[in-house]
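**Q** File model_29.txt below, compact mmCIF, C-alpha atoms:
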# COMPACT_ATOMS: atom_id res chain seq x y z
CA MET A 1 -9.68 -20.07 -8.73
CA LYS A 2 -8.43 -16.90 -10.42
CA LYS A 3 -11.70 -15.15 -9.52
CA ILE A 4 -11.26 -16.06 -5.85
CA LYS A 5 -7.68 -14.75 -5.91
CA ASP A 6 -8.84 -11.46 -7.50
CA ASN A 7 -11.51 -11.03 -4.82
CA VAL A 8 -9.01 -11.73 -2.05
CA VAL A 9 -6.69 -9.07 -3.48
CA LEU A 10 -9.60 -6.59 -3.70
CA PHE A 11 -10.56 -7.42 -0.10
CA LEU A 12 -6.99 -6.71 1.05
CA LYS A 13 -6.96 -3.40 -0.82
CA GLY A 14 -10.29 -2.46 0.76
CA PHE A 15 -8.97 -3.46 4.18
CA ILE A 16 -5.95 -1.16 3.81
CA MET A 17 -8.20 1.67 2.58
CA GLY A 18 -10.47 1.19 5.59
CA VAL A 19 -7.60 1.29 8.07
CA ALA A 20 -6.28 4.44 6.38
CA ASN A 21 -9.59 6.23 6.84
CA VAL A 22 -9.35 5.81 10.62
CA ILE A 23 -6.03 7.70 10.90
CA PRO A 24 -6.02 11.52 10.92
CA GLY A 25 -4.02 12.80 7.97
CA VAL A 26 -4.26 9.55 5.99
CA SER A 27 -6.66 9.31 3.06
CA GLY A 28 -8.40 6.15 1.93
CA GLY A 29 -8.44 7.73 -1.53
CA THR A 30 -4.65 8.01 -1.46
CA LEU A 31 -4.29 4.33 -0.66
CA ALA A 32 -6.82 3.49 -3.40
CA VAL A 33 -4.59 5.30 -5.90
CA ILE A 34 -1.40 3.76 -4.54
CA LEU A 35 -2.90 0.26 -4.60
CA GLY A 36 -4.11 0.71 -8.18
CA VAL A 37 -7.83 0.38 -7.53
CA PHE A 38 -8.84 4.06 -7.56
CA LYS A 39 -10.08 4.50 -11.13
CA ASP A 40 -11.97 1.20 -11.26
CA PHE A 41 -13.40 1.85 -7.78
CA LEU A 42 -14.80 5.23 -8.78
CA GLY A 43 -15.97 3.92 -12.14
CA ALA A 44 -17.92 1.11 -10.49
CA ILE A 45 -19.56 3.57 -8.07
CA SER A 46 -20.45 6.20 -10.68
CA ASN A 47 -21.90 3.55 -13.04
CA ILE A 48 -23.62 1.44 -10.40
CA PHE A 49 -27.10 2.16 -11.81
CA LYS A 50 -25.98 1.41 -15.39
CA THR A 51 -24.06 -1.80 -14.75
CA PHE A 52 -25.50 -2.78 -11.39
CA TRP A 53 -24.35 -6.38 -10.95
CA LYS A 54 -20.94 -5.85 -12.50
CA SER A 55 -20.35 -2.87 -10.21
CA VAL A 56 -21.65 -4.67 -7.13
CA LEU A 57 -19.48 -7.74 -7.75
CA PHE A 58 -16.41 -5.51 -8.06
CA LEU A 59 -17.25 -3.26 -5.11
CA PHE A 60 -18.39 -5.95 -2.67
CA PRO A 61 -14.95 -7.33 -1.64
CA ILE A 62 -13.52 -3.79 -1.40
CA VAL A 63 -16.39 -2.44 0.71
CA LEU A 64 -16.35 -5.61 2.82
CA GLY A 65 -12.63 -5.15 3.42
CA MET A 66 -13.15 -1.50 4.37
CA GLY A 67 -15.98 -2.35 6.76
CA VAL A 68 -14.04 -5.15 8.44
CA ALA A 69 -10.99 -2.89 8.76
CA ILE A 70 -12.91 -0.02 10.35
CA LEU A 71 -14.70 -2.29 12.82
CA ALA A 72 -11.64 -4.40 13.63
CA SER A 73 -8.90 -1.78 13.68
CA SER A 74 -10.41 1.46 14.98
CA LYS A 75 -9.59 0.63 18.61
CA LEU A 76 -6.18 -0.81 17.68
CA ILE A 77 -5.25 2.21 15.56
CA GLU A 78 -6.37 4.57 18.31
CA THR A 79 -4.13 2.71 20.78
CA CYS A 80 -1.16 2.59 18.38
CA LEU A 81 -1.43 6.32 17.65
CA ASN A 82 -1.54 7.10 21.37
CA LYS A 83 1.36 4.81 22.37
CA PHE A 84 3.47 4.46 19.20
CA PRO A 85 2.58 7.39 16.92
CA LEU A 86 5.93 7.57 15.09
CA ALA A 87 6.07 3.85 14.22
CA THR A 88 2.40 3.83 13.19
CA VAL A 89 2.76 6.84 10.91
CA LEU A 90 5.99 5.50 9.36
CA PHE A 91 4.17 2.27 8.45
CA PHE A 92 1.55 4.25 6.53
CA VAL A 93 4.23 6.39 4.92
CA GLY A 94 5.68 3.13 3.62
CA LEU A 95 2.28 2.07 2.29
CA ILE A 96 1.95 5.36 0.41
CA LEU A 97 5.51 5.44 -0.95
CA GLY A 98 5.31 1.82 -2.11
CA GLY A 99 2.76 2.58 -4.80
CA ILE A 100 4.38 5.73 -6.17
CA PRO A 101 6.81 3.99 -8.60
CA ILE A 102 3.89 2.35 -10.40
CA LEU A 103 1.68 5.43 -10.18
CA PHE A 104 4.53 7.55 -11.61
CA LYS A 105 4.14 5.72 -14.94
CA LYS A 106 0.89 7.61 -15.51
CA ILE A 107 2.64 11.01 -15.66
CA LYS A 108 6.21 10.27 -16.75
CA ASN A 109 5.56 11.38 -20.35
CA GLU A 110 4.26 14.80 -19.22
CA MET A 111 7.04 15.81 -16.83
CA LYS A 112 8.03 18.89 -18.85
CA SER A 113 4.60 20.56 -18.74
CA ILE A 114 4.70 23.65 -16.47
CA PRO A 115 0.87 23.88 -16.10
CA ASN A 116 0.90 20.39 -14.60
CA TYR A 117 3.37 21.52 -11.91
CA ILE A 118 1.18 24.56 -11.20
CA ILE A 119 -1.77 22.23 -10.61
CA PHE A 120 0.44 20.11 -8.33
CA GLY A 121 1.53 23.20 -6.36
CA ILE A 122 -1.99 24.60 -5.95
CA VAL A 123 -3.33 21.31 -4.62
CA PHE A 124 -0.28 20.79 -2.38
CA MET A 125 -0.73 24.22 -0.77
CA PHE A 126 -4.51 23.85 -0.50
CA VAL A 127 -4.19 20.73 1.65
CA LEU A 128 -1.60 22.33 3.93
CA VAL A 129 -3.63 25.53 4.36
CA PHE A 130 -6.80 23.53 5.06
CA THR A 131 -5.03 21.32 7.58
CA PHE A 132 -3.05 23.90 9.53
CA PHE A 133 -5.20 27.04 9.31
CA ILE A 134 -8.79 25.81 8.97
CA SER A 135 -8.84 22.48 10.78
CA GLY A 136 -10.17 22.74 14.32
CA GLU A 137 -10.18 20.70 17.51
CA LYS A 138 -13.79 21.15 18.72
CA ASN A 139 -15.89 18.14 19.73
CA VAL A 140 -19.60 17.57 19.17
CA GLU A 141 -21.33 15.41 21.77
CA LEU A 142 -23.50 12.73 20.13
CA ILE A 143 -26.04 12.45 22.93
CA ASN A 144 -29.73 13.41 23.21
CA LEU A 145 -29.91 13.98 19.44
CA ASN A 146 -32.92 15.60 17.81
CA PHE A 147 -34.14 15.47 14.20
CA PHE A 148 -31.87 18.34 13.14
CA ASP A 149 -28.86 16.58 14.68
CA TYR A 150 -29.56 13.50 12.54
CA ILE A 151 -29.76 15.69 9.42
CA LEU A 152 -26.36 17.12 10.39
CA LEU A 153 -24.98 13.60 10.80
CA PHE A 154 -26.12 12.82 7.24
CA LEU A 155 -24.44 15.98 5.90
CA VAL A 156 -21.25 15.31 7.87
CA GLY A 157 -21.17 11.76 6.48
CA ALA A 158 -21.50 13.11 2.93
CA LEU A 159 -18.72 15.64 3.52
CA ALA A 160 -16.38 13.11 5.12
CA SER A 161 -17.01 10.49 2.44
CA ALA A 162 -16.22 12.94 -0.33
CA SER A 163 -12.88 13.62 1.33
CA MET A 164 -12.30 9.89 1.80
CA VAL A 165 -12.59 9.41 -1.96
CA ILE A 166 -10.40 12.39 -2.91
CA PRO A 167 -6.75 11.30 -2.59
CA GLY A 168 -4.81 13.19 0.07
CA ILE A 169 -7.83 14.61 1.88
CA SER A 170 -8.29 12.69 5.11
CA GLY A 171 -11.86 11.85 6.05
CA SER A 172 -10.74 11.64 9.66
CA MET A 173 -9.24 15.13 9.39
CA VAL A 174 -12.48 16.53 8.00
CA LEU A 175 -14.40 14.92 10.86
CA MET A 176 -11.95 16.56 13.27
CA THR A 177 -12.49 19.92 11.58
CA VAL A 178 -16.26 19.79 12.07
CA GLY A 179 -15.91 18.23 15.54
CA TYR A 180 -17.38 14.79 14.87
CA TYR A 181 -14.22 12.61 14.81
CA ASN A 182 -14.13 11.55 18.47
CA GLY A 183 -17.88 10.97 18.59
CA ILE A 184 -18.01 8.82 15.46
CA LEU A 185 -14.87 6.86 16.45
CA ALA A 186 -16.28 6.20 19.93
CA THR A 187 -19.59 5.07 18.39
CA VAL A 188 -17.80 2.59 16.11
CA ASN A 189 -15.62 1.33 18.98
CA ASN A 190 -18.69 0.80 21.17
CA LEU A 191 -20.96 -0.63 18.46
CA PHE A 192 -21.07 -4.02 20.18
CA ASP A 193 -21.70 -2.56 23.61
CA PHE A 194 -25.22 -3.96 23.75
CA SER A 195 -26.30 -1.59 26.51
CA MET A 196 -26.05 1.23 23.93
CA PHE A 197 -26.43 -0.78 20.72
CA TRP A 198 -29.52 0.94 19.34
CA GLU A 199 -28.27 4.41 20.26
CA ASN A 200 -25.05 3.70 18.33
CA VAL A 201 -26.97 2.29 15.35
CA ALA A 202 -29.19 5.39 15.30
CA ILE A 203 -26.04 7.52 14.97
CA LEU A 204 -24.33 5.36 12.34
CA ILE A 205 -27.34 4.94 10.00
CA PRO A 206 -27.73 8.63 8.98
CA PHE A 207 -23.95 9.05 8.95
CA GLY A 208 -23.60 5.94 6.76
CA LEU A 209 -26.32 7.10 4.36
CA GLY A 210 -24.48 10.40 4.02
CA VAL A 211 -21.27 8.51 3.27
CA VAL A 212 -22.98 6.58 0.46
CA VAL A 213 -24.50 9.71 -1.12
CA GLY A 214 -21.24 11.65 -0.86
CA ILE A 215 -19.23 8.88 -2.49
CA LEU A 216 -21.76 8.58 -5.35
CA LEU A 217 -21.61 12.32 -6.09
CA ILE A 218 -17.86 12.87 -5.85
CA SER A 219 -17.03 9.68 -7.74
CA LYS A 220 -18.90 10.96 -10.79
CA LEU A 221 -16.91 14.21 -10.72
CA ILE A 222 -13.51 12.53 -10.37
CA THR A 223 -14.38 9.90 -13.01
CA TYR A 224 -15.20 12.74 -15.42
CA LEU A 225 -11.89 14.48 -14.67
CA LEU A 226 -9.90 11.27 -15.13
CA ASN A 227 -11.61 10.58 -18.45
CA LYS A 228 -11.17 14.13 -19.80
CA TYR A 229 -7.95 15.32 -18.13
CA GLU A 230 -6.20 12.18 -16.90
CA VAL A 231 -2.61 13.47 -16.65
CA LYS A 232 -3.58 16.78 -15.03
CA THR A 233 -5.80 14.94 -12.58
CA TYR A 234 -2.92 12.65 -11.61
CA PHE A 235 -0.64 15.66 -11.06
CA ALA A 236 -3.33 16.99 -8.70
CA ILE A 237 -3.45 13.58 -7.02
CA PHE A 238 0.33 13.70 -6.50
CA GLY A 239 -0.18 17.10 -4.86
CA PHE A 240 -2.69 15.54 -2.48
CA ILE A 241 -0.42 12.56 -1.79
CA PHE A 242 2.79 14.44 -0.96
CA SER A 243 1.01 17.02 1.18
CA SER A 244 -0.67 14.21 3.12
CA LEU A 245 2.76 12.83 4.03
CA ILE A 246 3.50 16.12 5.80
CA VAL A 247 0.08 16.27 7.43
CA MET A 248 0.48 12.82 8.99
CA PHE A 249 3.55 13.84 10.97
CA PHE A 250 2.09 17.10 12.28
CA LYS A 251 -1.40 15.84 13.14
CA ASN A 252 -0.58 12.76 15.20
CA SER A 253 1.38 14.16 18.19
CA ILE A 254 4.68 12.57 17.16
CA THR A 255 7.78 12.79 19.35
CA PHE A 256 11.16 11.32 18.39
CA ASN A 257 12.30 8.14 20.12
CA ILE A 258 15.27 6.20 18.73
CA VAL A 259 13.84 2.75 19.56
CA GLU A 260 10.42 3.57 18.12
CA PHE A 261 12.07 5.25 15.13
CA THR A 262 14.09 2.09 14.40
CA ILE A 263 10.98 -0.07 14.64
CA GLY A 264 9.18 2.48 12.49
CA LEU A 265 11.81 2.21 9.75
CA VAL A 266 11.30 -1.56 9.68
CA LEU A 267 7.54 -1.05 9.46
CA LEU A 268 8.08 1.56 6.73
CA MET A 269 9.95 -1.01 4.64
CA ILE A 270 7.28 -3.64 5.30
CA GLY A 271 4.58 -1.16 4.27
CA PHE A 272 6.56 -0.12 1.18
CA ILE A 273 7.15 -3.68 -0.02
CA GLY A 274 3.58 -4.77 0.72
CA SER A 275 2.09 -1.76 -1.04
CA TYR A 276 4.38 -2.17 -4.05
CA LEU A 277 3.55 -5.85 -4.46
CA ILE A 278 -0.20 -5.26 -4.12
CA ALA A 279 -0.07 -2.28 -6.51
CA LYS A 280 1.61 -4.50 -9.11
CA THR A 281 -1.56 -6.57 -9.27
CA ASN A 282 -3.33 -3.55 -10.76
CA LYS A 283 -4.58 -4.14 -14.30
CA GLU A 284 -5.14 -0.52 -15.35
Turn the structure described in the file into structure tokens.

**A**
Amino acid sequence: MKKIKDNVVLFLKGFIMGVANVIPGVSGGTLAVILGVFKDFLGAISNIFKTFWKSVLFLFPIVLGMGVAILASSKLIETCLNKFPLATVLFFVGLILGGIPILFKKIKNEMKSIPNYIIFGIVFMFVLVFTFFISGEKNVELINLNFFDYILLFLVGALASASMVIPGISGSMVLMTVGYYNGILATVNNLFDFSMFWENVAILIPFGLGVVVGILLISKLITYLLNKYEVKTYFAIFGFIFSSLIVMFFKNSITFNIVEFTIGLVLLMIGFIGSYLIAKTNKE
């Protein structure tokens, strides 16, 4: 019974991470940290060939939750961002803020170290510079693809997945930067349009393989950093997290509306409480 409960909790965490990856400016890695599954998630990925079944049993409910979330919510999230951007973003702000009190315990004994704040500042500024001065709005059409286009899809998947794992770097934002966001989102939304089923699958397979390879590579790097420089790495993660809060508001076409703002505040509190309660289940 306890095992089933643990898997349900992991599925819920994966679901939230999957939804986060759909929204520009929100990082699945950030939510993994906030929900207390980040270190174990990366450890299971980086050691998957050493402890295969143990890693698979841990990862399966998380990956299943992410997959269900992306398939089930991509259209809903797109609609919510178009019609209710402020309320939608405030809900995810609540999700992020809800896990910070528990995450703060990992750095509270090192609050007087100036180098740690320098690391925080560098990462914070890097995300803002990348988002506002490098990120573009071009769109790549995923039609009549040739062999080279499929290789590019693999590389884009690897790049986006690496950013999905790194807290504070939005995979959706990276896809926007390289021009693949709208195409990939439309492909996922139309996956069950059987008139174009095989065309959509042909796009998602190389992209998905790239995602897997990218996650494997970056997870080993971050696992190493957490093992060798845990506190400094968490200061960097806080830099990613707080910069992503700013990015969300400026990258989702938000306009102020008092009714939507009020609803958004309620959703923020719901997100905060839900995130806090789920994060408390963390065993790290």

**Q** List every residue of region 6-73 of chain A that has an atom at most 10 Å from any atom of region 183-196 of chain A, giving for each one its closest atom pair and the distance in Å to one decimal, counting all atoms listed in the file, sorted by chain and then by ascending residue number, as JSON lines.

**A**
{"residue": "A:Val22", "atom": "CA", "partner": "A:Leu185", "partner_atom": "CA", "distance": 8.1}
{"residue": "A:Ile70", "atom": "CA", "partner": "A:Val188", "partner_atom": "CA", "distance": 8.0}
{"residue": "A:Leu71", "atom": "CA", "partner": "A:Val188", "partner_atom": "CA", "distance": 6.7}
{"residue": "A:Ala72", "atom": "CA", "partner": "A:Asn189", "partner_atom": "CA", "distance": 8.8}
{"residue": "A:Ser73", "atom": "CA", "partner": "A:Asn189", "partner_atom": "CA", "distance": 9.1}

**Q** Counting only C-alpha atoms, which of A:Val123, A:Val266, A:Val56, A:Ile215 gets nearest to Gly157 (chain A)?

**A**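 Among A:Val123, A:Val266, A:Val56, A:Ile215, it is A:Ile215 that comes nearest to Gly157 (chain A).
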
**Q** Excluding region 233-244 of chain A and any residue of its chain fewer than 3 positions from it, enumerate the residues within 9 Å of it, using only C-alpha atoms, and give them as a PyMOL selection string.

**A** chain A and resi 25-27+30+33+96+100+103+106-107+116-117+119-128+166-170+222+225-226+229-230+247-249

**Q** So the first atom is CA of Leu64 (chain A) and the second is CA of Lys5 (chain A); what is the distance between them in Å, to one decimal place?

**A**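 Answer for the CA of Leu64 (chain A) to CA of Lys5 (chain A) separation: 15.3 Å.
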
**Q** Please determine, counting all atoms listed in the file, which residue among A:Pro85, A:Gly99, A:Gly208, A:Gly65 has the shortest atom-to-atom distance to Leu31 (chain A).

**A**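 Under the stated criterion, the closest residue is A:Gly99.
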
**Q** Hey, what's within 9 Å of Leu155 (chain A) if we count all atoms listed in the file and toss same-chain stuff fewer than 2 positions away? As a list in words, please?

**A**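 Everything that qualifies: Tyr150, Ile151, Leu152, Leu153, Gly157, Ala158, Leu159, Ala160, Pro206, Phe207, Gly210, Val211 and Gly214 of chain A.
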
**Q** What is the CA of Ala87 (chain A) to CA of Ile270 (chain A) distance in Å?

**A**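 Here the two named atoms are 11.7 Å from each other.
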
**Q** Using only C-alpha atoms, give me every residue within 8 Å of (13.1, 4.6, 14.4) in file coordinates, as a ChimeraX atom specification.

**A** /A:86-87,257-266
